[in-house]
file coords_10.csv (CSV, C-alpha atoms)
chain,number,residue,atom,x,y,z
A,240,MET,CA,-57.0,55.5,-41.2
A,241,GLY,CA,-57.4,53.1,-44.0
A,242,THR,CA,-56.1,49.5,-44.5
A,243,ILE,CA,-52.8,50.8,-46.0
A,244,GLY,CA,-52.3,53.1,-43.0
A,245,TRP,CA,-52.8,50.3,-40.5
A,246,LEU,CA,-50.4,48.0,-42.5
A,247,ILE,CA,-47.7,50.7,-42.4
A,248,LEU,CA,-48.2,51.2,-38.7
A,249,VAL,CA,-48.0,47.5,-38.0
A,250,VAL,CA,-44.8,47.3,-40.1
A,251,ILE,CA,-43.2,50.2,-38.2
A,252,VAL,CA,-44.1,48.7,-34.8
A,253,ILE,CA,-42.6,45.4,-35.8
A,254,MET,CA,-39.4,47.1,-37.1
A,255,VAL,CA,-39.0,49.1,-33.9
A,256,ALA,CA,-39.5,45.9,-31.8
A,257,VAL,CA,-36.9,44.0,-33.8
A,258,VAL,CA,-34.3,46.8,-33.6
A,259,ALA,CA,-34.9,47.1,-29.8
A,260,PHE,CA,-34.6,43.3,-29.4
A,261,VAL,CA,-31.3,43.2,-31.3
A,262,VAL,CA,-29.8,46.2,-29.5
A,263,ILE,CA,-30.8,44.8,-26.0
A,264,ARG,CA,-29.5,41.4,-27.0
A,265,ARG,CA,-26.1,42.8,-28.2
A,266,ARG,CA,-25.8,44.9,-25.0
A,267,ARG,CA,-26.4,41.9,-22.8
A,268,ARG,CA,-23.7,40.0,-24.7
A,269,SER,CA,-21.0,42.6,-24.0
A,270,GLY,CA,-19.1,41.6,-20.9
A,271,GLY,CA,-16.7,43.3,-18.5
A,272,VAL,CA,-13.5,42.9,-16.5
A,273,ILE,CA,-14.2,41.3,-13.2
A,274,ALA,CA,-11.8,41.3,-10.2
A,275,THR,CA,-12.0,38.5,-7.7
A,276,LYS,CA,-12.0,39.4,-4.0
A,277,ASP,CA,-10.7,42.9,-3.4
A,278,LYS,CA,-10.3,45.2,-6.4
A,279,ARG,CA,-7.0,46.6,-7.5
B,76,MET,CA,6.0,34.5,-27.1
B,77,ARG,CA,5.4,37.8,-25.3
B,78,LEU,CA,2.1,39.2,-26.5
B,79,LEU,CA,0.2,41.9,-24.7
B,80,MET,CA,-3.5,42.1,-25.1
B,81,THR,CA,-6.2,44.1,-23.5
B,82,ALA,CA,-9.2,42.5,-22.0
B,83,SER,CA,-11.5,44.2,-24.5
B,84,GLN,CA,-9.5,42.5,-27.3
B,85,ILE,CA,-10.0,39.1,-25.6
B,86,ARG,CA,-13.8,39.7,-25.0
B,87,GLY,CA,-15.7,38.6,-28.0
B,88,LEU,CA,-13.0,36.2,-29.2
B,89,PRO,CA,-14.2,32.8,-30.4
B,90,VAL,CA,-13.3,29.8,-28.2
B,91,VAL,CA,-12.0,27.1,-30.6
B,92,THR,CA,-11.1,23.5,-29.9
B,93,VAL,CA,-7.6,22.3,-30.8
B,94,GLN,CA,-9.0,18.8,-31.4
B,95,GLY,CA,-11.4,19.4,-34.2
B,96,GLY,CA,-11.2,23.1,-34.7
B,97,GLU,CA,-14.8,23.6,-33.5
B,98,ASP,CA,-16.0,27.1,-32.7
B,99,VAL,CA,-17.8,26.4,-29.4
B,100,ALA,CA,-18.3,29.7,-27.6
B,101,GLU,CA,-17.3,33.3,-27.4
B,102,VAL,CA,-15.6,35.2,-24.5
B,103,ARG,CA,-18.0,37.4,-22.4
B,104,ASP,CA,-16.3,38.5,-19.2
B,105,VAL,CA,-12.6,38.4,-18.3
B,106,ILE,CA,-12.1,37.4,-14.7
B,107,TYR,CA,-8.8,38.1,-13.0
B,108,ASN,CA,-7.4,37.8,-9.5
B,109,PRO,CA,-5.7,41.1,-8.5
B,110,GLU,CA,-3.9,39.5,-5.6
B,111,ALA,CA,-2.3,36.9,-7.7
B,112,GLY,CA,-2.0,39.2,-10.7
B,113,ARG,CA,-3.3,36.7,-13.2
B,114,LEU,CA,-6.3,35.7,-15.3
B,115,VAL,CA,-8.5,33.1,-13.5
B,116,GLY,CA,-11.0,32.4,-16.3
B,117,VAL,CA,-13.7,33.8,-18.6
B,118,THR,CA,-17.4,33.6,-18.8
B,119,LEU,CA,-19.0,32.8,-22.2
B,120,ASN,CA,-21.6,33.7,-24.7
B,121,LYS,CA,-23.1,31.1,-27.1
B,122,ARG,CA,-22.0,31.5,-30.7
B,123,GLY,CA,-24.2,33.4,-33.2
B,124,PHE,CA,-25.3,37.0,-33.7
B,125,LEU,CA,-28.3,36.8,-31.4
B,126,ALA,CA,-27.3,33.9,-29.2
B,127,GLY,CA,-27.4,34.6,-25.5
B,128,ARG,CA,-25.2,33.9,-22.6
B,129,SER,CA,-23.8,30.5,-22.1
B,130,ARG,CA,-24.1,28.8,-18.7
B,131,ASP,CA,-20.7,27.2,-19.1
B,132,VAL,CA,-17.5,28.9,-18.1
B,133,LEU,CA,-13.8,28.4,-18.9
B,134,ALA,CA,-11.2,28.3,-16.2
B,135,ALA,CA,-7.7,29.7,-17.0
B,136,GLU,CA,-6.2,26.2,-16.3
B,137,ALA,CA,-8.4,24.8,-19.2
B,138,ILE,CA,-7.2,27.4,-21.7
B,139,HIS,CA,-4.7,26.0,-24.1
B,140,ALA,CA,-3.6,29.3,-25.5
B,141,ILE,CA,-4.9,32.9,-26.0
B,142,GLY,CA,-4.1,34.3,-29.4
B,143,GLN,CA,-5.0,37.5,-31.3
B,144,ASP,CA,-7.8,35.8,-33.1
B,145,ALA,CA,-9.1,33.0,-30.8
B,146,VAL,CA,-8.9,31.4,-27.4
B,147,MET,CA,-7.9,27.8,-27.8
B,148,VAL,CA,-9.0,24.9,-25.7
B,149,LEU,CA,-8.2,21.2,-26.0
B,150,ASN,CA,-11.8,20.1,-26.6
B,151,GLU,CA,-15.4,21.0,-25.7
B,152,SER,CA,-15.1,19.3,-22.2
B,153,SER,CA,-12.8,22.2,-21.2
B,154,LEU,CA,-16.0,24.3,-20.9
B,155,VAL,CA,-17.6,23.3,-17.6
B,156,ALA,CA,-20.8,24.1,-15.7
B,157,PRO,CA,-20.4,26.9,-13.1
B,158,ASP,CA,-20.6,24.4,-10.2
B,159,ASP,CA,-17.7,22.4,-11.6
B,160,ALA,CA,-15.4,25.4,-12.0
B,161,PRO,CA,-13.4,27.3,-9.4
B,162,ASP,CA,-15.8,29.5,-7.4
B,163,ASP,CA,-14.3,32.8,-8.7
B,164,VAL,CA,-15.0,31.7,-12.3
B,165,GLY,CA,-18.2,29.8,-11.7
B,166,HIS,CA,-19.9,32.5,-9.7
B,167,PRO,CA,-18.1,35.7,-10.6
B,168,ALA,CA,-18.8,38.8,-8.5
B,169,THR,CA,-20.3,40.9,-11.4
B,170,GLU,CA,-20.4,44.0,-9.1
B,171,ARG,CA,-16.6,43.9,-9.1
B,172,ASN,CA,-16.3,45.2,-12.7
B,173,VAL,CA,-13.2,47.4,-12.5
B,174,LEU,CA,-13.9,49.4,-15.7
B,175,GLY,CA,-14.4,53.0,-14.7
B,176,ASP,CA,-12.9,52.7,-11.3
B,177,ASP,CA,-10.5,55.4,-10.0
B,178,ILE,CA,-6.8,54.7,-9.7
B,179,LEU,CA,-5.1,56.3,-6.8
B,180,THR,CA,-1.4,56.2,-5.8
B,181,GLU,CA,-0.5,55.3,-2.3
B,182,GLY,CA,0.3,59.0,-1.9
B,183,GLY,CA,-3.2,60.0,-2.7
B,184,ALA,CA,-2.8,61.3,-6.3
B,185,SER,CA,-5.4,60.3,-8.9
B,186,LEU,CA,-3.9,58.9,-12.1
B,187,GLY,CA,-7.3,58.5,-13.8
B,188,LYS,CA,-9.9,55.9,-14.4
B,189,VAL,CA,-9.6,52.3,-15.6
B,190,VAL,CA,-10.5,51.8,-19.2
B,191,ASP,CA,-9.1,48.3,-19.8
B,192,LEU,CA,-6.9,45.6,-18.3
B,193,VAL,CA,-3.7,44.5,-20.0
B,194,LEU,CA,-2.7,40.9,-20.0
B,195,LEU,CA,0.5,39.0,-21.0
B,196,VAL,CA,-1.0,36.1,-23.0
B,197,GLY,CA,0.8,33.1,-24.3
B,198,SER,CA,1.9,32.4,-20.7
B,199,SER,CA,-0.2,32.1,-17.6
B,200,GLY,CA,-2.4,35.1,-18.4
B,201,GLU,CA,-0.4,37.4,-16.2
B,202,VAL,CA,-2.0,40.8,-15.5
B,203,VAL,CA,0.7,43.5,-16.3
B,204,GLY,CA,-1.2,46.8,-16.4
B,205,TYR,CA,-4.2,48.9,-16.9
B,206,GLN,CA,-5.2,51.1,-19.8
B,207,ILE,CA,-6.4,54.4,-18.2
B,208,ASP,CA,-8.2,57.6,-19.0
B,209,LYS,CA,-5.6,59.9,-17.6
B,210,ALA,CA,-6.6,62.5,-15.0
B,211,GLY,CA,-5.0,65.2,-17.1
B,212,GLY,CA,-6.8,64.0,-20.3
B,213,GLY,CA,-5.9,61.5,-23.0
B,214,GLN,CA,-5.3,57.8,-22.6
B,215,GLY,CA,-2.3,55.9,-21.3
B,216,TYR,CA,-1.1,52.6,-19.8
B,217,ILE,CA,0.3,51.9,-16.3
B,218,PRO,CA,2.2,48.9,-15.3
B,219,LEU,CA,1.2,46.9,-12.2
B,220,PRO,CA,3.3,45.0,-9.7
B,221,ALA,CA,3.1,41.3,-9.7
B,222,GLN,CA,1.1,41.5,-6.4
B,223,LEU,CA,-0.5,44.3,-4.4
B,224,SER,CA,-1.9,44.6,-1.0
B,225,VAL,CA,-5.7,44.7,-0.5
B,226,SER,CA,-7.3,48.0,-1.3
B,227,GLY,CA,-10.7,49.7,-0.6
B,228,VAL,CA,-13.0,51.3,-3.1
B,229,ALA,CA,-10.4,52.7,-5.5
B,230,LEU,CA,-7.6,50.8,-7.1
B,231,VAL,CA,-4.4,51.7,-5.2
B,232,VAL,CA,-1.1,51.6,-6.9
B,233,PRO,CA,2.5,52.4,-5.8
B,234,ASN,CA,3.7,56.0,-6.0
B,235,ILE,CA,6.3,55.3,-8.6
B,236,THR,CA,3.5,54.2,-11.0
B,237,GLU,CA,3.1,57.8,-12.0
B,238,GLU,CA,6.6,57.8,-13.5
B,239,PHE,CA,5.8,54.8,-15.7
B,240,ILE,CA,2.7,56.0,-17.5
B,241,GLN,CA,3.1,54.9,-21.1
B,242,ASP,CA,1.3,56.1,-24.3
B,243,ASP,CA,1.1,52.7,-26.0
B,244,LEU,CA,1.1,49.0,-25.4
B,245,VAL,CA,4.7,48.6,-26.8
B,246,GLY,CA,5.9,51.1,-24.2
B,247,LEU,CA,4.1,49.3,-21.5
B,248,GLY,CA,5.7,46.0,-22.4
B,249,ALA,CA,9.1,47.6,-22.0
B,250,ALA,CA,8.2,49.4,-18.8
B,251,VAL,CA,6.8,46.5,-16.8
B,252,ASP,CA,10.1,44.8,-16.1
B,253,GLU,CA,11.8,48.1,-15.1
B,254,PHE,CA,8.9,49.1,-13.0
B,255,ARG,CA,8.9,45.8,-11.1
B,256,ALA,CA,12.7,45.9,-10.7
B,257,ARG,CA,12.3,49.4,-9.2
B,258,LEU,CA,9.7,48.1,-6.8
B,259,GLY,CA,12.0,45.3,-5.8
B,260,LEU,CA,14.7,47.9,-4.9
B,261,THR,CA,12.5,50.3,-3.1

call {"tool": "encode", "arguments": {"input": "coords_10.csv", "output": "structure tokens"}}
result
Amino acid sequence: MGTIGWLILVVIVIMVAVVAFVVIRRRRRSGGVIATKDKR
Amino acid sequence: MRLLMTASQIRGLPVVTVQGGEDVAEVRDVIYNPEAGRLVGVTLNKRGFLAGRSRDVLAAEAIHAIGQDAVMVLNESSLVAPDDAPDDVGHPATERNVLGDDILTEGGASLGKVVDLVLLVGSSGEVVGYQIDKAGGGQGYIPLPAQLSVSGVALVVPNITEEFIQDDLVGLGAAVDEFRARLGLT
């Protein structure tokens, strides 16, 4: 694989990492509905 | 003002100060007390697309108003560290997330699963009902009594709840008073 090939691979890996980071971050931000003590 | 909002409409709302109009946080979790039938507080995210969870929390007593577009607080000091907040808000029991829980009547009939919580905002944050995935298919809303006895794994509601399943929030608003009046008579 030539230089261009490696560059494309690196760009793809970085893009996948960024998308994964954003998705995980957004999911962690979504909250819930929490009942105190016994649930109803 | 009588405004019904679901917890999912409140989650993600910006927290804005009345004094200064600063956008200081974003609502993450909605915490309610089922025995008292009211909102007790919210946990927070920091503002910004990729900002993470905020350590600070907001107790219901410190909320100035909840509107359709923002949760209003007097100033930034309304947001407090977990240790300075009531224990239910400062250290919420995250395993007690009710979304997805089964709803059973006292007679043992399944009404469906909890999709969301419905609150009467503009007052004390009274919990008035649940949005549910009905056991027979489709979605609906059920009113809740002002107080209920302690339940086990599922959420247990009175038998007459089945008669008051509504198709929309407007219907729920009208049904809550009648439902509670009926419970008072039975």

call {"tool": "residues_near_point", "arguments": {"input": "coords_10.csv", "point": "(-11.6, 34.9, -13.8)", "cutoff": "9 Å", "atoms": "all atoms listed in the file", "output": "count of residues only"}}
result
23

call {"tool": "atom_distance", "arguments": {"input": "coords_10.csv", "atom1": "CA of Asn172 in chain B", "atom2": "CA of Asp191 in chain B"}}
result
10.6 Å

call {"tool": "atom_distance", "arguments": {"input": "coords_10.csv", "atom1": "CA of Leu195 in chain B", "atom2": "CA of Gln241 in chain B"}}
result
16.1 Å

call {"tool": "atom_distance", "arguments": {"input": "coords_10.csv", "atom1": "CA of Phe239 in chain B", "atom2": "CA of Gln214 in chain B"}}
result
13.4 Å

call {"tool": "residues_near_point", "arguments": {"input": "coords_10.csv", "point": "(-23.9, 41.9, -34.0)", "cutoff": "9 Å", "atoms": "only C-alpha atoms", "output": "list in words"}}
result
Val261, Val262, Arg264 and Arg265 of chain A; Gly123, Phe124 and Leu125 of chain B

call {"tool": "interface_residues", "arguments": {"input": "coords_10.csv", "of": "chain B", "to": "chain A", "cutoff": "10 Å", "atoms": "all atoms listed in the file", "output": "VMD selection string"}}
result
chain B and resid 82 to 83 86 to 87 101 to 112 114 to 121 124 to 129 162 to 164 167 to 174 176 to 179 190 to 192 219 222 to 232

call {"tool": "closest_residue", "arguments": {"input": "coords_10.csv", "among": "B:Met147, B:Gly211, B:Gly182, B:Gly200", "to": "Thr236 in chain B", "atoms": "all atoms listed in the file"}}
result
B:Gly182

call {"tool": "closest_residue", "arguments": {"input": "coords_10.csv", "among": "B:Leu154, B:Ile85, B:Leu79, B:Val146", "to": "Asp243 in chain B", "atoms": "all atoms listed in the file"}}
result
B:Leu79

call {"tool": "residues_around", "arguments": {"input": "coords_10.csv", "residues": "His139 in chain B", "least_positions_apart": "2", "cutoff": "12 Å", "atoms": "only C-alpha atoms", "output": "PDB file with C-alpha atoms, in the coordinates of the input"}}
result
ATOM      1  CA  VAL B  90     -13.300  29.800 -28.200  1.00  0.00           C
ATOM      2  CA  VAL B  91     -12.000  27.100 -30.600  1.00  0.00           C
ATOM      3  CA  THR B  92     -11.100  23.500 -29.900  1.00  0.00           C
ATOM      4  CA  VAL B  93      -7.600  22.300 -30.800  1.00  0.00           C
ATOM      5  CA  GLN B  94      -9.000  18.800 -31.400  1.00  0.00           C
ATOM      6  CA  GLY B 116     -11.000  32.400 -16.300  1.00  0.00           C
ATOM      7  CA  LEU B 133     -13.800  28.400 -18.900  1.00  0.00           C
ATOM      8  CA  ALA B 134     -11.200  28.300 -16.200  1.00  0.00           C
ATOM      9  CA  ALA B 135      -7.700  29.700 -17.000  1.00  0.00           C
ATOM     10  CA  GLU B 136      -6.200  26.200 -16.300  1.00  0.00           C
ATOM     11  CA  ALA B 137      -8.400  24.800 -19.200  1.00  0.00           C
ATOM     12  CA  ILE B 141      -4.900  32.900 -26.000  1.00  0.00           C
ATOM     13  CA  GLY B 142      -4.100  34.300 -29.400  1.00  0.00           C
ATOM     14  CA  ALA B 145      -9.100  33.000 -30.800  1.00  0.00           C
ATOM     15  CA  VAL B 146      -8.900  31.400 -27.400  1.00  0.00           C
ATOM     16  CA  MET B 147      -7.900  27.800 -27.800  1.00  0.00           C
ATOM     17  CA  VAL B 148      -9.000  24.900 -25.700  1.00  0.00           C
ATOM     18  CA  LEU B 149      -8.200  21.200 -26.000  1.00  0.00           C
ATOM     19  CA  ASN B 150     -11.800  20.100 -26.600  1.00  0.00           C
ATOM     20  CA  GLU B 151     -15.400  21.000 -25.700  1.00  0.00           C
ATOM     21  CA  SER B 153     -12.800  22.200 -21.200  1.00  0.00           C
ATOM     22  CA  LEU B 154     -16.000  24.300 -20.900  1.00  0.00           C
ATOM     23  CA  VAL B 196      -1.000  36.100 -23.000  1.00  0.00           C
ATOM     24  CA  GLY B 197       0.800  33.100 -24.300  1.00  0.00           C
ATOM     25  CA  SER B 198       1.900  32.400 -20.700  1.00  0.00           C
ATOM     26  CA  SER B 199      -0.200  32.100 -17.600  1.00  0.00           C
ATOM     27  CA  GLY B 200      -2.400  35.100 -18.400  1.00  0.00           C
TER      28      GLY B 200
END

call {"tool": "closest_residue", "arguments": {"input": "coords_10.csv", "among": "B:Val99, B:Leu78, B:Ile235, B:Leu247", "to": "Glu181 in chain B", "atoms": "all atoms listed in the file"}}
result
B:Ile235
